[in-house]
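**Q** What follows is a structure written as structure tokens; I'll ask about it next.
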Amino acid sequence: MTAALSPNLKRLARAHGVLPEYVDRSGVRHIAPQAAVIAVLAALGVNASTPSALARALTEADRREWLRPMAPTVVGRLGAEIELTVTVEAAHAPGLTAWIDLDDDPLLGGNGGQWQLTRLDDKQTSREIDGVEMRRQVFHVPVGVPLGWHTLHARSGDAVDAKARLVIVPDRLEVPESLLSRRGWGVMAQIYSHRSERSWGIGDFADLADLAAIAGREHGADFVLINPVHAGEAVPPLTPSPYLPSSRAFLNPIYIRPEAIEEFSYAPTGVREKVAKLAQEAARDNENPEIIDRDRVWRLKRQALEAIHALPLSAARQADFAAFRKERGEGLRTFCLFAALEEAGNPPTPQTMTAHGPEAECAASEHTSGMDFHAWLQWIADGQLGSAQRRAKDSGMRVGIMSDLAVGVHSQGADAWALADVLAHGVCVGAPPDPFNQQGQNWSQPPWRPDTLSESGYEPFKTMIRAVLRNAGAIRIDHILGLFRLWWIPEGASPTKGCYVEYDHEAMVGIVALEAHRVGALVVGEDLGVSEPWVHEYLPSRGILGSNVLWFEWEGKEPKSPEWYRRMALTTVTVHDLPPSAAYLEGEQVDLRARLGLLRRPEAEERQAARIERDKVLSMLRDRGLIARGAVEPPTVQLVLALHRFIRSTPSVLLGISLADAVGERRAQNMPGTDNEYPNWRIPLADSSGRAVLLDDLPRVPMFAAITAAVSGR
């Protein structure tokens with residue numbers, strides 16, 4: 001049992017968005033450990049380590065809203081009444097005026113201009129702070145302010161000159177009528193795992209384009225959901241997990257196909273021969289079903305890319321490259337500086353060098369060549385991912401590429417350095433224990449600080465979302481519950497010894513909706529895990545699709561009937577954190593966790609629970625005529641097809657099939673709660689016999705045709 005927190009510590013915690021308790025999915029109430037609450041407050045810049053420090057922090061929390069002119073960011077829904085509060089010394093209140101500089105982004109219909117605000121004198125309030133009377137003056141923001149990223153101004157003579165960010169977001173992101181009237185389906189693929197005869201030992205953007213064409217043109221799919229393709233390390237060893245990137249605003253150049261770069265088509269013979277030799281060496285691994293060696297792939301591909309980068313660009317291509325660098329701006333420059341310093345063996349940290357100080361400027365002047373190369377890599381990667389999206393749409397897909405957004409970033413990566421001011425230090429993100437991950441999870445990622453993120457005008461968050469949507473028709477947000485609250489774990493503590501920190505979900509979900517509206521994209525939120533029940537109603541009310549996973553959909557002790565599945569959702573049989581369906585049906589999820597020591601209750605109990613779960617699901621399939629009744633159970637492959645016919649009977653607007661299920665793969669891509677104990681994110685696509693499956697083989701794989709037909713109804 002955890003001791004109850006003192007009333008003052010609870011009050012201080014809540015004042016800073018730290019939740020002193022939560023209720024899990026079973027309805028059990030958990031009280032946060034006092035040490036965790038104090039450590040999390042410290043990560044937010046609040047000292048509660050002693051009774052006197054706690055008292056001072058409470059006083060400061062009570063005063064802080066009276067000590068700044070405006071909230072740094074105001075987020076409101078389109079068409080809603082908004083009141084802007086401006087706090088000034090009472091002597092300056094009579095002359096106070098406020099106005100909006102409007103956004104001029106053409107994608108949001110903006111054309112700039114100003115909008116004067118009306119002061120509501122009947123709503124002013126006052127308070128004395130340190131002997132000075134402070135006055136809160138309220139201004140009315142009219143309902144006609146359009147969507148966009150606007151700037152608020154408040155001024156009173158020479159004494160007050162303040163500004164803040166005003167973001168007007170859609171009340172609801174509209175799902176296209178075409179998907180509401182005829183739902184869509186797609187393929188879920190780990191891009192690194194699906195290779196072709198032309199790959200370099202790892203799947204790439206050219207393979208993604210081919211997969212989209214096969215699934216779209218030949219089978220009628222509407223999307224390909226891929227793993228995050230965020231930027232990783234510049235030099236080996238490369239982190240295997242796509243969910244632990246160096247930066248979420250940039251791409252991983254390991255997914256570049258060198259031969260698809262325009263300059264390669266007219267390269268001198270020597271360069272072409274060098275690249276061909278490197279490609280041949282890398283391709284030896286294409287049919288290796290055991291493991292993906294990212295380090296080897298990148299060492300070979302890097303040599304080819306350096307040779308191609310040395311080739312001159314045409315005038316038109318040089319102009320395109322310059323435009324790309326200008327568009328991506330300071331963020332690209334900072335990322336490239338980090339990558340260049342990382343290659344030089346001296347990756348910066350917030351403690352050794354600030355990202356925007358004089359030392360960084362000096363370092364940039366010494367690494368211009370390396371920075372130019374990394375900027376070129378980003379330009380090439382961006383172009384090839386864009387080509388994959390165009391190929392997907394040309395194949396008839398209504399959505400195209402659905403890009404995945406990771407929860408966070410590597411604690412020693414480019415974003416952790418560049419965004420040090422808006423990330424929390426001394427804590428990391430994870431998840432409390434749940435039935436499948438019974439020891440909790442530590443994802444070793446620094447979380448956003450809600451306070452400094454708001455003070456930044458949510459600029460880093462906007463930049464990240466905009467980057468992921470550059471070449472996609474949809475975005476899947478991994479652990480979207482993190483836009484509501486995140487489980488913060490003090491450094492060195494067990495995942496069970498953390499606590500939740502709240503975020504301004506109205507602001508963050510609204511910004512996601514605004515950025516998706518800006519480019520006409522869908523948003524899918526992976527909303528599995530511990531959350532408040534109202535969250536699952538809130539997301540669809542904002543036009544955000546949820547996630548239904550068959551194995552997690554239960555009503556009490558019985559599997560949920562298909563008609564009760566959420567309509568506003570992407571429904572799938574499985575996810576990448578589970579073994580593929582064939583293996584799951586045979587209890588591999590218990591075998592694997594038992595081998596890795598991840599069970600908190602006796603193995604026999606786990607096996608019994610898994611058998612009961614399986615039997616109940618199969619009983620439901622029988623009741624619905626999806627598998628035959630009788631003493632002899634159908635082969636596993638028939639059960640997998642029946643599971644996919646089952647999700648077709650749900651009302652969900654999107655359905656997804658795992659490419660692993662479609663080829664008979666039996667190995668899980670990821671085992672949560674492990675690091676090197678299991679080869680997470682390194683499993684290449686293979687069939688049930690362990691033979692590597694290449695994209696070239698897909699049209700001839702009977703299960704691929706059968707499972708797509710089971711979901712599409714073709």
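If you're wondering about the labels, chains in the structure tokens are A, B, ... by order shown, residues count from 1 in each chain, ligands from 1 in order shown.
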Show me, as a PyMOL selection string, the residues that have an atom within 12 Å of Pro258 of chain A when counting only C-alpha atoms, minus same-chain residues fewer than 2 positions from it.
**A** chain A and resi 198-200+204-206+253-256+260-265+267+271-272+274-276+278-279+298+300-309+377+380-381+384
**Q** Using only C-alpha atoms, determine which residues lie at most 7 Å from segment 418-429 of chain A, disregarding the query and same-chain residues fewer than 2 positions distant; provide the list as a PyMOL selection string.
**A** chain A and resi 40+43-44+334+350+355+414-416+442-449+452-453+486-491
**Q** For C-alpha atoms, I'd like the residues from the last selection saved as an mmCIF file, in the first residue's frame.
**A**
data_model
loop_
_atom_site.group_PDB
_atom_site.id
_atom_site.type_symbol
_atom_site.label_atom_id
_atom_site.label_comp_id
_atom_site.auth_asym_id
_atom_site.auth_seq_id
_atom_site.Cartn_x
_atom_site.Cartn_y
_atom_site.Cartn_z
ATOM 1 C CA VAL A 40 8.077 14.975 -11.036
ATOM 2 C CA ALA A 43 11.266 18.134 -13.283
ATOM 3 C CA LEU A 44 8.677 20.898 -13.725
ATOM 4 C CA THR A 334 19.998 22.551 -36.014
ATOM 5 C CA PRO A 350 22.156 20.509 -23.377
ATOM 6 C CA ALA A 355 21.450 24.462 -29.510
ATOM 7 C CA ALA A 414 18.834 15.570 -31.824
ATOM 8 C CA ASP A 415 15.424 16.619 -30.488
ATOM 9 C CA ALA A 416 16.493 16.131 -26.871
ATOM 10 C CA ASN A 442 9.799 2.512 -19.240
ATOM 11 C CA TRP A 443 10.231 3.983 -22.727
ATOM 12 C CA SER A 444 13.333 5.993 -21.679
ATOM 13 C CA GLN A 445 12.080 9.149 -23.420
ATOM 14 C CA PRO A 446 11.963 12.694 -22.021
ATOM 15 C CA PRO A 447 8.400 14.065 -22.022
ATOM 16 C CA TRP A 448 7.143 17.446 -23.166
ATOM 17 C CA ARG A 449 6.887 19.935 -20.314
ATOM 18 C CA THR A 452 7.126 25.427 -21.403
ATOM 19 C CA LEU A 453 5.368 23.888 -24.394
ATOM 20 C CA LEU A 486 1.622 10.813 -19.607
ATOM 21 C CA TRP A 487 3.124 8.453 -17.064
ATOM 22 C CA TRP A 488 6.298 10.154 -15.813
ATOM 23 C CA ILE A 489 8.896 7.947 -14.127
ATOM 24 C CA PRO A 490 11.698 9.526 -12.066
ATOM 25 C CA GLU A 491 15.144 8.508 -13.291
#
**Q** Segment 688-702 of chain A: which residues within 6 Å, counting only C-alpha atoms, same-chain residues fewer than 4 positions away excluded, as a list in words?
**A**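 The neighbour list is Arg195, Ser196, Glu287, Pro289, Gly664 and Glu665 of chain A.
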**Q** Neighbours of Ala392 of chain A within 6 Å (only C-alpha atoms; same-chain residues fewer than 3 positions away dropped), as a list in words?
**A**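 Residues meeting the cut-off are Ala212, Ala213, Gln389, Ser395, Met397 and Gly400 of chain A.
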**Q** Name the residues in contact with His517 of chain A at a cut-off of 9 Å, using only C-alpha atoms, excluding same-chain residues fewer than 5 positions from it; report them as a compact mmCIF listing (two decimals) with N, CA and C atoms, in the first residue's frame.
**A**
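The resulting selection_11.txt:
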# COMPACT_ATOMS: atom_id res chain seq x y z
N LEU A 108 -4.75 27.46 -45.01
CA LEU A 108 -5.83 27.61 -44.04
C LEU A 108 -6.78 28.74 -44.44
N PRO A 170 -10.23 23.53 -35.68
CA PRO A 170 -11.57 23.03 -36.04
C PRO A 170 -12.29 22.47 -34.82
N LEU A 173 -12.63 17.55 -36.90
CA LEU A 173 -11.98 17.19 -38.16
C LEU A 173 -12.91 16.27 -38.93
N GLU A 174 -13.33 16.70 -40.09
CA GLU A 174 -14.33 15.92 -40.83
C GLU A 174 -13.70 14.72 -41.53
N VAL A 512 -3.53 19.13 -33.55
CA VAL A 512 -3.46 18.00 -34.47
C VAL A 512 -4.56 18.10 -35.53
N LEU A 522 -6.42 12.38 -42.53
CA LEU A 522 -7.12 11.71 -41.44
C LEU A 522 -6.19 11.60 -40.23
**Q** Please provide as a PDB file with N, CA, C and O atoms, in the first residue's frame all residues within 9 Å of Asn8 of chain A, with the sequence filter that same-chain residues fewer than 6 positions apart are discarded (counting only C-alpha atoms).
**A**
ATOM      1  N   LEU A  54       7.826  23.474   0.086  1.00  0.00           N
ATOM      2  CA  LEU A  54       6.460  23.191  -0.346  1.00  0.00           C
ATOM      3  C   LEU A  54       5.556  24.397  -0.108  1.00  0.00           C
ATOM      4  O   LEU A  54       4.753  24.782  -0.966  1.00  0.00           O
ATOM      5  N   ALA A  55       5.690  25.040   1.043  1.00  0.00           N
ATOM      6  CA  ALA A  55       4.874  26.212   1.358  1.00  0.00           C
ATOM      7  C   ALA A  55       5.169  27.350   0.381  1.00  0.00           C
ATOM      8  O   ALA A  55       4.250  28.037  -0.097  1.00  0.00           O
ATOM      9  N   LEU A  58       3.611  26.606  -3.009  1.00  0.00           N
ATOM     10  CA  LEU A  58       2.162  26.826  -3.019  1.00  0.00           C
ATOM     11  C   LEU A  58       1.836  28.304  -3.169  1.00  0.00           C
ATOM     12  O   LEU A  58       0.938  28.694  -3.924  1.00  0.00           O
TER      13      LEU A  58
END
**Q** Using only C-alpha atoms, I'd like a table of the residues in segment 421-496 of chain A that come within 6 Å of segment 404-410 of chain A; for each, show the closest atom pair and its distance in Å rounded to one decimal, ordered by chain and ascending number, as a Markdown table.
**A**
| residue | atom | partner | partner_atom | distance |
| --- | --- | --- | --- | --- |
| A:Gln445 | CA | A:Val409 | CA | 5.5 |
| A:Ile475 | CA | A:Asp404 | CA | 5.8 |
| A:Arg476 | CA | A:Asp404 | CA | 4.7 |
| A:Ile477 | CA | A:Leu405 | CA | 4.9 |
| A:Asp478 | CA | A:Ala406 | CA | 5.6 |
**Q** Which neighbours of Ile202 of chain A fall inside 8 Å, counting only C-alpha atoms, when residues of the same chain fewer than 3 positions from it are skipped, and could you give them as a PDB file with C-alpha atoms, in the first residue's frame?
**A**
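So the final result, stored in selection24.pdb, reads:
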ATOM      1  CA  TYR A 192      12.129  -2.056 -42.715  1.00  0.00           C
ATOM      2  CA  SER A 193      10.888  -5.665 -42.676  1.00  0.00           C
ATOM      3  CA  HIS A 194       9.354  -5.887 -46.165  1.00  0.00           C
ATOM      4  CA  ARG A 195      12.110  -6.141 -48.729  1.00  0.00           C
ATOM      5  CA  SER A 199      16.454  -3.707 -51.502  1.00  0.00           C
ATOM      6  CA  TYR A 255      15.052   4.244 -46.094  1.00  0.00           C
ATOM      7  CA  ASN A 286      17.453  -9.641 -48.642  1.00  0.00           C
ATOM      8  CA  ILE A 292      17.961  -7.186 -40.009  1.00  0.00           C
ATOM      9  CA  ARG A 294      20.800  -1.939 -39.703  1.00  0.00           C
ATOM     10  CA  VAL A 297      23.068  -1.707 -44.181  1.00  0.00           C
TER      11      VAL A 297
END
**Q** I need the residues of segment 24-128 of chain A that end up classed as alpha helix (DSSP H) by DSSP on the backbone, written out as a PyMOL selection string.
**A** chain A and resi 34-43+51-63
**Q** Using DSSP assignments from the backbone, pull out every residue in segment 424-556 of chain A that falls under strand (DSSP E) and give it to me as a VMD selection string.
**A** chain A and resid 427 to 431 441 to 445 474 to 477 485 to 490 499 to 502 522 to 525 546 to 549 554 to 555
**Q** Of the candidates A:Leu341, A:Val501, A:Ala249, A:Val637, which shows the shortest atom-to-atom distance to Arg470 of chain A, using only C-alpha atoms?
**A**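 With only C-alpha atoms as the atom set, the closest residue is A:Ala249.
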**Q** Figure out the distance between atom CA of Leu337 of chain A and atom CA of Pro72 of chain A, please, to one decimal in Å.
**A**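 Atom CA of Leu337 of chain A lies 29.4 Å from atom CA of Pro72 of chain A.
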**Q** Hey, which of A:Leu483, A:Val711, A:Ile191, A:Leu655 ends up closest to Met568 of chain A? Count only C-alpha atoms.
**A** A:Leu655
**Q** What are the closest atom pairs, with distances in Å to one decimal, for all residues of segment 442-530 of chain A lying within 12 Å of segment 17-28 of chain A? Consider only C-alpha atoms, order rows by chain and residue number, and present the result as CSV.
**A**
residue,atom,partner,partner_atom,distance
A:Arg449,CA,A:Gly17,CA,10.4
A:Pro450,CA,A:Gly17,CA,8.4
A:Asp451,CA,A:Gly17,CA,9.4
A:Phe484,CA,A:Gly17,CA,10.7
A:Arg485,CA,A:Gly17,CA,9.0
A:Leu486,CA,A:Val18,CA,9.8
A:Trp487,CA,A:Leu19,CA,9.8
A:Trp488,CA,A:Val18,CA,9.4
A:Lys497,CA,A:Glu21,CA,11.8
A:Gly498,CA,A:Pro20,CA,10.1
A:Cys499,CA,A:Leu19,CA,6.6
A:Tyr500,CA,A:Leu19,CA,5.4
A:Val501,CA,A:Val18,CA,4.5
A:Glu502,CA,A:Gly17,CA,5.0
A:Tyr503,CA,A:Gly17,CA,7.3
A:Asp504,CA,A:Gly17,CA,9.3
A:His505,CA,A:Gly17,CA,11.9
A:Leu528,CA,A:Arg25,CA,10.5
A:Gly529,CA,A:Arg25,CA,7.9
A:Val530,CA,A:Arg25,CA,5.8
**Q** Would you export the selected residues with C-alpha atoms as a PDB file, in the first residue's frame, please?
**A**
ATOM      1  CA  ARG A 449       6.887  19.935 -20.314  1.00  0.00           C
ATOM      2  CA  PRO A 450       3.296  21.176 -20.486  1.00  0.00           C
ATOM      3  CA  ASP A 451       4.195  24.617 -19.126  1.00  0.00           C
ATOM      4  CA  PHE A 484      -4.158  13.944 -22.275  1.00  0.00           C
ATOM      5  CA  ARG A 485      -1.709  12.641 -19.689  1.00  0.00           C
ATOM      6  CA  LEU A 486       1.622  10.813 -19.607  1.00  0.00           C
ATOM      7  CA  TRP A 487       3.124   8.453 -17.064  1.00  0.00           C
ATOM      8  CA  TRP A 488       6.298  10.154 -15.813  1.00  0.00           C
ATOM      9  CA  LYS A 497       6.790   4.119  -9.136  1.00  0.00           C
ATOM     10  CA  GLY A 498       5.654   6.917 -11.418  1.00  0.00           C
ATOM     11  CA  CYS A 499       2.682   9.246 -11.671  1.00  0.00           C
ATOM     12  CA  TYR A 500       0.583  10.877 -14.360  1.00  0.00           C
ATOM     13  CA  VAL A 501       1.069  14.441 -15.591  1.00  0.00           C
ATOM     14  CA  GLU A 502      -1.797  16.178 -17.379  1.00  0.00           C
ATOM     15  CA  TYR A 503      -1.547  18.026 -20.696  1.00  0.00           C
ATOM     16  CA  ASP A 504      -3.894  20.568 -22.242  1.00  0.00           C
ATOM     17  CA  HIS A 505      -5.696  18.052 -24.442  1.00  0.00           C
ATOM     18  CA  LEU A 528      -5.241   1.615 -25.945  1.00  0.00           C
ATOM     19  CA  GLY A 529      -4.120   1.480 -22.339  1.00  0.00           C
ATOM     20  CA  VAL A 530      -5.121   3.145 -19.082  1.00  0.00           C
TER      21      VAL A 530
END
**Q** For the atom pair atom CA of Glu588 of chain A and atom CA of Gln638 of chain A, what is the interatomic distance in Å to one decimal place?
**A**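 Atom-to-atom, atom CA of Glu588 of chain A and atom CA of Gln638 of chain A are spaced 17.9 Å apart.
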**Q** So, counting only C-alpha atoms, which residue among A:Ala322, A:Ala189, A:Met620, A:Ala283 is closest to Arg296 of chain A?
**A** A:Ala283
**Q** If you measure from atom CA of Val75 of chain A to atom CA of Phe335 of chain A, what distance in Å do you get, rounded to one decimal?
**A**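 Separation of atom CA of Val75 of chain A and atom CA of Phe335 of chain A: 28.5 Å.
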